[in-house]
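Undergrad: Below is the structure I would like to discuss, written out as structure tokens.
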Number of protein chains: 2
Amino acid sequence: MRGYSPSEAATRSGFSLDTLRYYEKIGLLSDIGRTSGGRRVFTDDDLSWLLLFRCLRDTGMPIAEMCRYAELARDGEHTAGQRQALLERHAERVEEQMRLLERQYAHLREKIRFYERLPVGPSPASESADRESSTSSAP
Amino acid sequence: MRGYSPSEAATRSGFSLDTLRYYEKIGLLSDIGRTSGGRRVFTDDDLSWLLLFRCLRDTGMPIAEMCRYAELARDGEHTAGQRQALLERHAERVEEQMRLLERQYAHLREKIRFYERLPVGPSPASESADRESSTSSAP
DNA sequence: TTTCAACCTGGAGCGCGCTCCAGGTCAAGC
DNA sequence: GCTTGACCTGGAGCGCGCTCCAGGTTGAAA
């Protein structure tokens, strides 16, 4: 149950100092402890919240929805069902995101293979042949 | 080699009409054909560019970099190497993105399993036990 | 011939998620 | 006691990628 300085919390969570302050300002983080002098002190608990937020942001959840989740958590144990549902909906979106990403990655790889097959350097041979489909400047 | 109306190009590419116009304005698309009356006519070739842009956007490439790619393509066959390199760098970033997404998806799933294990509804049993790690309001 | 939806242009506006700044305070080390 | 760097606040600004708007034109169908 140690306390972490703002910069330590920043490095551990991967958020910038400004972002941590911003998150507190908009109410995503709340009740962050302070020293007598007014400096923030982050607990392990705060840190695990931050890691969750890191997860949710990295998977594309908008901040407004994270706020909703945090709010529910603050409202107490009886919102557990809603929180679970929220995360499950998000997980589904993430799955779709992963499928899309994989599809488009395959597309990208195909494109790269097109270049790999290309005759390289100053070989005066086929230009404008073995294009992809059409006859003009293909991507 | 048919021609497509703007709205057809939009639905086929998944970009909005405004986005297509925007892409032309910033020079990402160029030399889009016009009717005598000034309406855009998209060719199959334009469409395949759009599908490539769709791929690159979906995988997170910034527009500026797509512009760079398009510019290189316009500069002719001799930039093929640069274009290939650009795509390969991007593919590497996409791979990292996929790894991160998968990691965080696992994290998210774990979180959800935490809720699934939770005693549900008005069972007066353990509250504030079987939390994740600490003793206070865990995420 | 008239209608009307689809299109055109230039430019302003917006939502998101930070990021930066000025001007000040705090506290650990010398 | 002084220095110095980490921290504080409120609020403005920014970069990105569109999105919307006003006001006008086009062209296919009825």
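In the structure tokens, chains take the letters A, B, ... in the order shown, each chain's residues start at 1, and ligands count up from 1 in the order shown.
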Fit chain B to chain A, all Cα atoms paired in order, least squares. Then write it as a compact mmCIF listing (two decimals) with N, CA and C atoms, in the first residue's frame.

TA:
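Contents of part-v8.txt, freshly written:
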# COMPACT_ATOMS: atom_id res chain seq x y z
N MET B 1 0.82 -1.19 0.08
CA MET B 1 -0.02 0.02 0.04
C MET B 1 0.83 1.28 0.02
N ARG B 2 1.87 1.32 -0.80
CA ARG B 2 2.69 2.52 -0.82
C ARG B 2 1.99 3.66 -1.54
N GLY B 3 2.65 4.79 -1.57
CA GLY B 3 2.12 5.90 -2.35
C GLY B 3 3.07 6.21 -3.48
N TYR B 4 2.51 6.64 -4.60
CA TYR B 4 3.33 6.94 -5.77
C TYR B 4 3.23 8.41 -6.11
N SER B 5 4.35 8.98 -6.47
CA SER B 5 4.34 10.37 -6.93
C SER B 5 3.68 10.43 -8.30
N PRO B 6 3.22 11.61 -8.68
CA PRO B 6 2.60 11.76 -9.99
C PRO B 6 3.48 11.21 -11.12
N SER B 7 4.75 11.53 -11.08
CA SER B 7 5.59 11.08 -12.21
C SER B 7 5.76 9.57 -12.18
N GLU B 8 5.77 8.99 -10.99
CA GLU B 8 5.88 7.54 -10.91
C GLU B 8 4.60 6.90 -11.45
N ALA B 9 3.47 7.47 -11.07
CA ALA B 9 2.20 6.97 -11.58
C ALA B 9 2.17 7.08 -13.11
N ALA B 10 2.72 8.17 -13.60
CA ALA B 10 2.74 8.38 -15.05
C ALA B 10 3.55 7.29 -15.74
N THR B 11 4.76 7.07 -15.25
CA THR B 11 5.59 6.07 -15.94
C THR B 11 4.99 4.68 -15.79
N ARG B 12 4.44 4.40 -14.63
CA ARG B 12 3.87 3.06 -14.43
C ARG B 12 2.62 2.82 -15.26
N SER B 13 1.87 3.87 -15.51
CA SER B 13 0.62 3.69 -16.23
C SER B 13 0.77 3.94 -17.72
N GLY B 14 1.81 4.69 -18.07
CA GLY B 14 1.97 5.03 -19.48
C GLY B 14 1.19 6.27 -19.88
N PHE B 15 0.54 6.91 -18.93
CA PHE B 15 -0.11 8.19 -19.22
C PHE B 15 0.84 9.32 -18.87
N SER B 16 0.66 10.45 -19.51
CA SER B 16 1.49 11.60 -19.17
C SER B 16 0.94 12.27 -17.91
N LEU B 17 1.78 13.08 -17.29
CA LEU B 17 1.34 13.82 -16.12
C LEU B 17 0.10 14.64 -16.43
N ASP B 18 0.16 15.30 -17.56
CA ASP B 18 -0.98 16.14 -17.96
C ASP B 18 -2.23 15.29 -18.12
N THR B 19 -2.07 14.12 -18.65
CA THR B 19 -3.23 13.26 -18.84
C THR B 19 -3.80 12.82 -17.49
N LEU B 20 -2.94 12.52 -16.55
CA LEU B 20 -3.43 12.14 -15.22
C LEU B 20 -4.22 13.28 -14.60
N ARG B 21 -3.70 14.48 -14.73
CA ARG B 21 -4.41 15.64 -14.17
C ARG B 21 -5.74 15.83 -14.91
N TYR B 22 -5.67 15.66 -16.21
CA TYR B 22 -6.88 15.79 -17.03
C TYR B 22 -7.93 14.76 -16.61
N TYR B 23 -7.50 13.52 -16.39
CA TYR B 23 -8.43 12.47 -15.99
C TYR B 23 -9.08 12.79 -14.65
N GLU B 24 -8.31 13.41 -13.79
CA GLU B 24 -8.90 13.78 -12.51
C GLU B 24 -9.89 14.92 -12.71
N LYS B 25 -9.50 15.87 -13.52
CA LYS B 25 -10.35 17.04 -13.77
C LYS B 25 -11.72 16.66 -14.30
N ILE B 26 -11.75 15.70 -15.23
CA ILE B 26 -13.03 15.31 -15.82
C ILE B 26 -13.77 14.28 -14.98
N GLY B 27 -13.18 13.89 -13.87
CA GLY B 27 -13.89 12.98 -12.98
C GLY B 27 -13.70 11.51 -13.27
N LEU B 28 -12.75 11.20 -14.10
CA LEU B 28 -12.49 9.79 -14.38
C LEU B 28 -11.76 9.19 -13.19
N LEU B 29 -10.77 9.90 -12.73
CA LEU B 29 -10.16 9.58 -11.44
C LEU B 29 -10.83 10.45 -10.40
N SER B 30 -11.03 9.90 -9.23
CA SER B 30 -11.57 10.77 -8.18
C SER B 30 -10.98 10.36 -6.84
N ASP B 31 -10.99 11.29 -5.93
CA ASP B 31 -10.45 11.04 -4.60
C ASP B 31 -8.99 10.61 -4.63
N ILE B 32 -8.23 11.23 -5.49
CA ILE B 32 -6.80 10.99 -5.44
C ILE B 32 -6.25 11.72 -4.21
N GLY B 33 -5.49 11.00 -3.42
CA GLY B 33 -4.97 11.58 -2.18
C GLY B 33 -4.01 12.73 -2.43
N ARG B 34 -3.85 13.55 -1.40
CA ARG B 34 -2.94 14.68 -1.49
C ARG B 34 -2.06 14.73 -0.25
N THR B 35 -0.87 15.25 -0.41
CA THR B 35 -0.05 15.56 0.75
C THR B 35 -0.57 16.84 1.38
N SER B 36 -0.04 17.18 2.53
CA SER B 36 -0.45 18.43 3.17
C SER B 36 -0.20 19.61 2.23
N GLY B 37 0.85 19.51 1.45
CA GLY B 37 1.18 20.60 0.53
C GLY B 37 0.38 20.61 -0.76
N GLY B 38 -0.49 19.63 -0.94
CA GLY B 38 -1.35 19.65 -2.12
C GLY B 38 -0.88 18.78 -3.27
N ARG B 39 0.23 18.05 -3.10
CA ARG B 39 0.67 17.16 -4.18
C ARG B 39 -0.11 15.87 -4.17
N ARG B 40 -0.37 15.38 -5.35
CA ARG B 40 -1.10 14.12 -5.49
C ARG B 40 -0.28 12.94 -5.00
N VAL B 41 -0.95 12.00 -4.39
CA VAL B 41 -0.32 10.73 -4.01
C VAL B 41 -1.20 9.60 -4.54
N PHE B 42 -0.65 8.79 -5.41
CA PHE B 42 -1.41 7.69 -5.99
C PHE B 42 -1.18 6.42 -5.19
N THR B 43 -2.26 5.73 -4.92
CA THR B 43 -2.17 4.45 -4.21
C THR B 43 -2.08 3.30 -5.21
N ASP B 44 -1.84 2.10 -4.70
CA ASP B 44 -1.86 0.91 -5.54
C ASP B 44 -3.20 0.75 -6.23
N ASP B 45 -4.21 1.13 -5.49
CA ASP B 45 -5.55 1.05 -6.02
C ASP B 45 -5.74 1.99 -7.21
N ASP B 46 -5.29 3.23 -7.02
CA ASP B 46 -5.34 4.20 -8.12
C ASP B 46 -4.58 3.63 -9.32
N LEU B 47 -3.44 3.04 -9.02
CA LEU B 47 -2.62 2.47 -10.09
C LEU B 47 -3.35 1.38 -10.84
N SER B 48 -4.11 0.57 -10.14
CA SER B 48 -4.80 -0.51 -10.86
C SER B 48 -5.96 0.05 -11.67
N TRP B 49 -6.53 1.14 -11.20
CA TRP B 49 -7.51 1.84 -12.04
C TRP B 49 -6.84 2.34 -13.31
N LEU B 50 -5.68 2.93 -13.12
CA LEU B 50 -4.98 3.48 -14.29
C LEU B 50 -4.65 2.38 -15.29
N LEU B 51 -4.28 1.22 -14.77
CA LEU B 51 -3.95 0.13 -15.69
C LEU B 51 -5.19 -0.36 -16.43
N LEU B 52 -6.32 -0.32 -15.73
CA LEU B 52 -7.55 -0.66 -16.43
C LEU B 52 -7.86 0.38 -17.52
N PHE B 53 -7.71 1.63 -17.18
CA PHE B 53 -7.95 2.69 -18.17
C PHE B 53 -7.00 2.54 -19.35
N ARG B 54 -5.79 2.19 -19.05
CA ARG B 54 -4.81 1.95 -20.12
C ARG B 54 -5.33 0.86 -21.06
N CYS B 55 -5.84 -0.20 -20.46
CA CYS B 55 -6.39 -1.31 -21.25
C CYS B 55 -7.56 -0.84 -22.10
N LEU B 56 -8.47 -0.11 -21.48
CA LEU B 56 -9.67 0.32 -22.20
C LEU B 56 -9.31 1.32 -23.30
N ARG B 57 -8.41 2.23 -23.02
CA ARG B 57 -8.00 3.20 -24.05
C ARG B 57 -7.31 2.48 -25.20
N ASP B 58 -6.41 1.58 -24.86
CA ASP B 58 -5.66 0.87 -25.90
C ASP B 58 -6.58 0.04 -26.79
N THR B 59 -7.71 -0.35 -26.24
CA THR B 59 -8.66 -1.10 -27.04
C THR B 59 -9.74 -0.21 -27.63
N GLY B 60 -9.54 1.09 -27.51
CA GLY B 60 -10.39 2.03 -28.25
C GLY B 60 -11.65 2.49 -27.56
N MET B 61 -11.76 2.27 -26.26
CA MET B 61 -12.96 2.78 -25.60
C MET B 61 -12.87 4.30 -25.47
N PRO B 62 -13.94 5.01 -25.83
CA PRO B 62 -13.94 6.46 -25.64
C PRO B 62 -13.97 6.81 -24.15
N ILE B 63 -13.41 7.95 -23.85
CA ILE B 63 -13.29 8.38 -22.46
C ILE B 63 -14.64 8.47 -21.77
N ALA B 64 -15.65 8.93 -22.51
CA ALA B 64 -16.98 9.08 -21.91
C ALA B 64 -17.46 7.74 -21.34
N GLU B 65 -17.12 6.68 -22.03
CA GLU B 65 -17.59 5.37 -21.57
C GLU B 65 -16.78 4.90 -20.36
N MET B 66 -15.54 5.25 -20.32
CA MET B 66 -14.74 4.92 -19.14
C MET B 66 -15.28 5.68 -17.93
N CYS B 67 -15.70 6.92 -18.18
CA CYS B 67 -16.30 7.71 -17.11
C CYS B 67 -17.54 7.01 -16.57
N ARG B 68 -18.34 6.55 -17.49
CA ARG B 68 -19.55 5.84 -17.11
C ARG B 68 -19.22 4.64 -16.22
N TYR B 69 -18.22 3.90 -16.63
CA TYR B 69 -17.80 2.73 -15.87
C TYR B 69 -17.34 3.13 -14.46
N ALA B 70 -16.51 4.16 -14.41
CA ALA B 70 -15.98 4.62 -13.13
C ALA B 70 -17.11 5.08 -12.21
N GLU B 71 -18.07 5.76 -12.80
CA GLU B 71 -19.23 6.25 -12.08
C GLU B 71 -20.01 5.08 -11.48
N LEU B 72 -20.24 4.08 -12.31
CA LEU B 72 -20.95 2.89 -11.84
C LEU B 72 -20.20 2.27 -10.66
N ALA B 73 -18.89 2.17 -10.82
CA ALA B 73 -18.10 1.57 -9.74
C ALA B 73 -18.24 2.36 -8.45
N ARG B 74 -18.27 3.67 -8.59
CA ARG B 74 -18.43 4.54 -7.41
C ARG B 74 -19.80 4.35 -6.77
N ASP B 75 -20.77 4.02 -7.60
CA ASP B 75 -22.14 3.87 -7.09
C ASP B 75 -22.31 2.62 -6.23
N GLY B 76 -21.33 1.76 -6.25
CA GLY B 76 -21.38 0.62 -5.34
C GLY B 76 -21.51 -0.73 -6.00
N GLU B 77 -21.51 -1.69 -5.13
CA GLU B 77 -21.47 -3.11 -5.52
C GLU B 77 -22.65 -3.50 -6.42
N HIS B 78 -23.79 -2.84 -6.21
CA HIS B 78 -25.00 -3.28 -6.92
C HIS B 78 -24.97 -2.95 -8.41
N THR B 79 -23.96 -2.23 -8.86
CA THR B 79 -23.87 -1.93 -10.29
C THR B 79 -22.96 -2.91 -11.03
N ALA B 80 -22.54 -3.94 -10.32
CA ALA B 80 -21.59 -4.89 -10.91
C ALA B 80 -22.12 -5.46 -12.24
N GLY B 81 -23.41 -5.74 -12.27
CA GLY B 81 -24.00 -6.30 -13.49
C GLY B 81 -23.86 -5.36 -14.66
N GLN B 82 -24.17 -4.10 -14.41
CA GLN B 82 -24.07 -3.09 -15.47
C GLN B 82 -22.63 -2.94 -15.94
N ARG B 83 -21.72 -2.96 -14.99
CA ARG B 83 -20.31 -2.82 -15.35
C ARG B 83 -19.86 -4.01 -16.19
N GLN B 84 -20.30 -5.18 -15.79
CA GLN B 84 -19.94 -6.37 -16.56
C GLN B 84 -20.48 -6.29 -17.98
N ALA B 85 -21.73 -5.86 -18.09
CA ALA B 85 -22.36 -5.75 -19.41
C ALA B 85 -21.60 -4.75 -20.28
N LEU B 86 -21.23 -3.65 -19.65
CA LEU B 86 -20.49 -2.62 -20.38
C LEU B 86 -19.18 -3.20 -20.93
N LEU B 87 -18.49 -3.92 -20.09
CA LEU B 87 -17.22 -4.50 -20.53
C LEU B 87 -17.45 -5.56 -21.61
N GLU B 88 -18.53 -6.30 -21.48
CA GLU B 88 -18.78 -7.33 -22.49
C GLU B 88 -19.12 -6.73 -23.84
N ARG B 89 -19.92 -5.68 -23.82
CA ARG B 89 -20.19 -4.99 -25.09
C ARG B 89 -18.89 -4.48 -25.70
N HIS B 90 -18.06 -3.94 -24.84
CA HIS B 90 -16.80 -3.43 -25.35
C HIS B 90 -15.94 -4.56 -25.92
N ALA B 91 -15.89 -5.66 -25.21
CA ALA B 91 -15.08 -6.80 -25.67
C ALA B 91 -15.53 -7.25 -27.06
N GLU B 92 -16.84 -7.21 -27.29
CA GLU B 92 -17.34 -7.59 -28.61
C GLU B 92 -16.83 -6.63 -29.68
N ARG B 93 -16.88 -5.36 -29.35
CA ARG B 93 -16.35 -4.38 -30.30
C ARG B 93 -14.87 -4.62 -30.56
N VAL B 94 -14.16 -4.97 -29.51
CA VAL B 94 -12.72 -5.22 -29.67
C VAL B 94 -12.50 -6.42 -30.59
N GLU B 95 -13.33 -7.43 -30.41
CA GLU B 95 -13.19 -8.61 -31.28
C GLU B 95 -13.37 -8.23 -32.74
N GLU B 96 -14.37 -7.41 -33.00
CA GLU B 96 -14.58 -6.97 -34.38
C GLU B 96 -13.40 -6.17 -34.89
N GLN B 97 -12.90 -5.33 -34.02
CA GLN B 97 -11.76 -4.51 -34.35
C GLN B 97 -10.58 -5.41 -34.74
N MET B 98 -10.39 -6.48 -33.97
CA MET B 98 -9.28 -7.39 -34.24
C MET B 98 -9.47 -8.09 -35.57
N ARG B 99 -10.70 -8.48 -35.84
CA ARG B 99 -10.97 -9.14 -37.13
C ARG B 99 -10.68 -8.20 -38.28
N LEU B 100 -11.16 -6.97 -38.16
CA LEU B 100 -10.93 -5.98 -39.22
C LEU B 100 -9.44 -5.74 -39.42
N LEU B 101 -8.76 -5.58 -38.31
CA LEU B 101 -7.33 -5.31 -38.37
C LEU B 101 -6.61 -6.46 -39.08
N GLU B 102 -6.99 -7.66 -38.75
CA GLU B 102 -6.36 -8.83 -39.37
C GLU B 102 -6.65 -8.88 -40.86
N ARG B 103 -7.89 -8.59 -41.22
CA ARG B 103 -8.25 -8.58 -42.64
C ARG B 103 -7.42 -7.57 -43.40
N GLN B 104 -7.36 -6.37 -42.84
CA GLN B 104 -6.66 -5.30 -43.54
C GLN B 104 -5.15 -5.52 -43.50
N TYR B 105 -4.69 -6.19 -42.48
CA TYR B 105 -3.27 -6.53 -42.43
C TYR B 105 -2.95 -7.50 -43.57
N ALA B 106 -3.84 -8.42 -43.82
CA ALA B 106 -3.64 -9.37 -44.93
C ALA B 106 -3.60 -8.62 -46.26
N HIS B 107 -4.52 -7.67 -46.39
CA HIS B 107 -4.56 -6.83 -47.59
C HIS B 107 -3.21 -6.12 -47.77
N LEU B 108 -2.74 -5.56 -46.69
CA LEU B 108 -1.48 -4.82 -46.72
C LEU B 108 -0.33 -5.74 -47.13
N ARG B 109 -0.31 -6.91 -46.56
CA ARG B 109 0.75 -7.88 -46.87
C ARG B 109 0.72 -8.27 -48.34
N GLU B 110 -0.48 -8.39 -48.84
CA GLU B 110 -0.64 -8.73 -50.26
C GLU B 110 -0.04 -7.62 -51.13
N LYS B 111 -0.34 -6.41 -50.74
CA LYS B 111 0.20 -5.24 -51.44
C LYS B 111 1.73 -5.29 -51.44
N ILE B 112 2.27 -5.63 -50.31
CA ILE B 112 3.73 -5.67 -50.19
C ILE B 112 4.29 -6.78 -51.08
N ARG B 113 3.59 -7.90 -51.11
CA ARG B 113 4.05 -9.02 -51.97
C ARG B 113 4.04 -8.58 -53.43
N PHE B 114 3.09 -7.74 -53.78
CA PHE B 114 3.08 -7.20 -55.15
C PHE B 114 4.39 -6.49 -55.44
N TYR B 115 4.88 -5.71 -54.49
CA TYR B 115 6.14 -5.00 -54.71
C TYR B 115 7.32 -5.97 -54.73
N GLU B 116 7.22 -7.01 -53.91
CA GLU B 116 8.32 -7.98 -53.85
C GLU B 116 8.48 -8.73 -55.16
N ARG B 117 7.37 -8.93 -55.83
CA ARG B 117 7.42 -9.63 -57.12
C ARG B 117 7.91 -8.73 -58.24
N LEU B 118 7.92 -7.44 -57.99
CA LEU B 118 8.26 -6.49 -59.04
C LEU B 118 9.72 -6.63 -59.46
N PRO B 119 10.01 -6.60 -60.76
CA PRO B 119 11.40 -6.54 -61.21
C PRO B 119 12.03 -5.28 -60.63
N VAL B 120 13.19 -5.43 -60.04
CA VAL B 120 13.76 -4.32 -59.28
C VAL B 120 14.84 -3.59 -60.08
N GLY B 121 15.02 -2.33 -59.78
CA GLY B 121 16.11 -1.55 -60.38
C GLY B 121 15.95 -1.31 -61.87
N PRO B 122 17.02 -0.90 -62.54
CA PRO B 122 16.95 -0.52 -63.95
C PRO B 122 16.94 -1.72 -64.88
N SER B 123 15.95 -2.54 -64.74
CA SER B 123 15.75 -3.59 -65.74
C SER B 123 14.71 -3.11 -66.72
N PRO B 124 15.08 -2.99 -68.00
CA PRO B 124 14.24 -2.33 -68.99
C PRO B 124 12.99 -3.13 -69.36
N ALA B 125 12.79 -4.23 -68.65
CA ALA B 125 11.67 -5.10 -69.00
C ALA B 125 10.32 -4.51 -68.63
N SER B 126 9.35 -5.41 -68.56
CA SER B 126 7.94 -5.07 -68.36
C SER B 126 7.65 -3.93 -67.41
N GLU B 127 7.21 -2.84 -67.93
CA GLU B 127 6.60 -1.79 -67.14
C GLU B 127 5.16 -1.70 -67.61
N SER B 128 4.32 -1.43 -66.70
CA SER B 128 2.88 -1.32 -66.98
C SER B 128 2.26 -2.66 -67.33
N ALA B 129 3.08 -3.71 -67.37
CA ALA B 129 2.47 -5.04 -67.34
C ALA B 129 2.48 -5.48 -65.88
N ASP B 130 2.14 -6.68 -65.64
CA ASP B 130 1.89 -7.23 -64.31
C ASP B 130 1.49 -6.20 -63.24
N ARG B 131 0.63 -5.32 -63.62
CA ARG B 131 -0.03 -4.47 -62.64
C ARG B 131 -1.13 -5.26 -61.97
N GLU B 132 -1.79 -4.64 -61.09
CA GLU B 132 -2.77 -5.39 -60.31
C GLU B 132 -4.00 -5.79 -61.10
N SER B 133 -4.66 -4.81 -61.67
CA SER B 133 -5.89 -5.17 -62.35
C SER B 133 -6.07 -4.34 -63.61
N SER B 134 -5.95 -3.07 -63.49
CA SER B 134 -6.29 -2.23 -64.62
C SER B 134 -5.07 -1.91 -65.47
N THR B 135 -5.22 -0.94 -66.32
CA THR B 135 -4.15 -0.59 -67.24
C THR B 135 -3.43 0.70 -66.86
N SER B 136 -3.96 1.38 -65.87
CA SER B 136 -3.36 2.68 -65.57
C SER B 136 -2.59 2.65 -64.25
N SER B 137 -2.33 3.80 -63.70
CA SER B 137 -1.50 3.92 -62.50
C SER B 137 -2.15 3.29 -61.28
N ALA B 138 -1.92 2.01 -61.12
CA ALA B 138 -2.51 1.33 -59.97
C ALA B 138 -1.78 1.73 -58.69
N PRO B 139 -2.47 1.68 -57.59
CA PRO B 139 -1.85 2.02 -56.31
C PRO B 139 -0.70 1.07 -56.03

Undergrad: Return as JSON, numbers by chain the residues belonging to chain D that are within 9 Å of chain B, counting only C-alpha atoms (C1' of nucleotides).

TA: {"D": [16, 17, 18, 19, 25, 26, 27]}

Undergrad: Looking only at the backbone, which of the residues in chain A does DSSP tag as helix (DSSP H, G or I), as a count of residues only?

TA: 86

Undergrad: Excluding DA30 of chain D and any residue of its chain fewer than 2 positions from it, enumerate the residues within 12 Å of it, using only C-alpha atoms (C1' of nucleotides), and give them as a ChimeraX atom specification.

TA: /C:1-4 /D:28

Undergrad: What are the closest atom pairs, with distances in Å to one decimal, for each residue of chain C lying within 10 Å of chain B, using only C-alpha atoms (C1' of nucleotides), rows by chain and rising residue number, as a Markdown table?

TA:
| residue | atom | partner | partner_atom | distance |
| --- | --- | --- | --- | --- |
| C:DA6 | C1' | B:Ser7 | CA | 8.7 |
| C:DC7 | C1' | B:Arg39 | CA | 6.4 |
| C:DC8 | C1' | B:Arg39 | CA | 7.1 |

Undergrad: Export, as a short mmCIF file (atom, residue, chain, number, x, y, z; two decimals), in the first residue's frame, the selected residues with N, CA and C atoms (P, O5', C5', C4', C3', O3' and C1' of nucleotides).

TA:
data_model
loop_
_atom_site.label_atom_id
_atom_site.label_comp_id
_atom_site.auth_asym_id
_atom_site.auth_seq_id
_atom_site.Cartn_x
_atom_site.Cartn_y
_atom_site.Cartn_z
P DA C 6 -30.98 11.22 -53.74
"O5'" DA C 6 -29.65 11.50 -54.56
"C5'" DA C 6 -29.59 11.20 -55.95
"C4'" DA C 6 -28.52 12.06 -56.59
"C3'" DA C 6 -27.24 12.14 -55.77
"O3'" DA C 6 -26.15 11.72 -56.58
"C1'" DA C 6 -27.94 14.30 -56.44
P DC C 7 -24.73 11.53 -56.00
"O5'" DC C 7 -24.06 12.97 -56.20
"C5'" DC C 7 -23.60 13.31 -57.47
"C4'" DC C 7 -23.46 14.79 -57.61
"C3'" DC C 7 -22.27 15.43 -56.89
"O3'" DC C 7 -21.09 15.30 -57.65
"C1'" DC C 7 -24.22 16.87 -57.04
P DC C 8 -19.75 15.89 -57.03
"O5'" DC C 8 -19.93 17.47 -57.12
"C5'" DC C 8 -19.72 18.13 -58.36
"C4'" DC C 8 -19.80 19.62 -58.17
"C3'" DC C 8 -18.80 20.18 -57.17
"O3'" DC C 8 -17.57 20.45 -57.80
"C1'" DC C 8 -20.97 21.15 -56.85
#

Undergrad: Enter the distance from atom C1' of DG11 of chain C to atom C1' of DA12 of chain D, in Å, rounded to one decimal.

TA: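 Distance between the two atoms: 24.0 Å.
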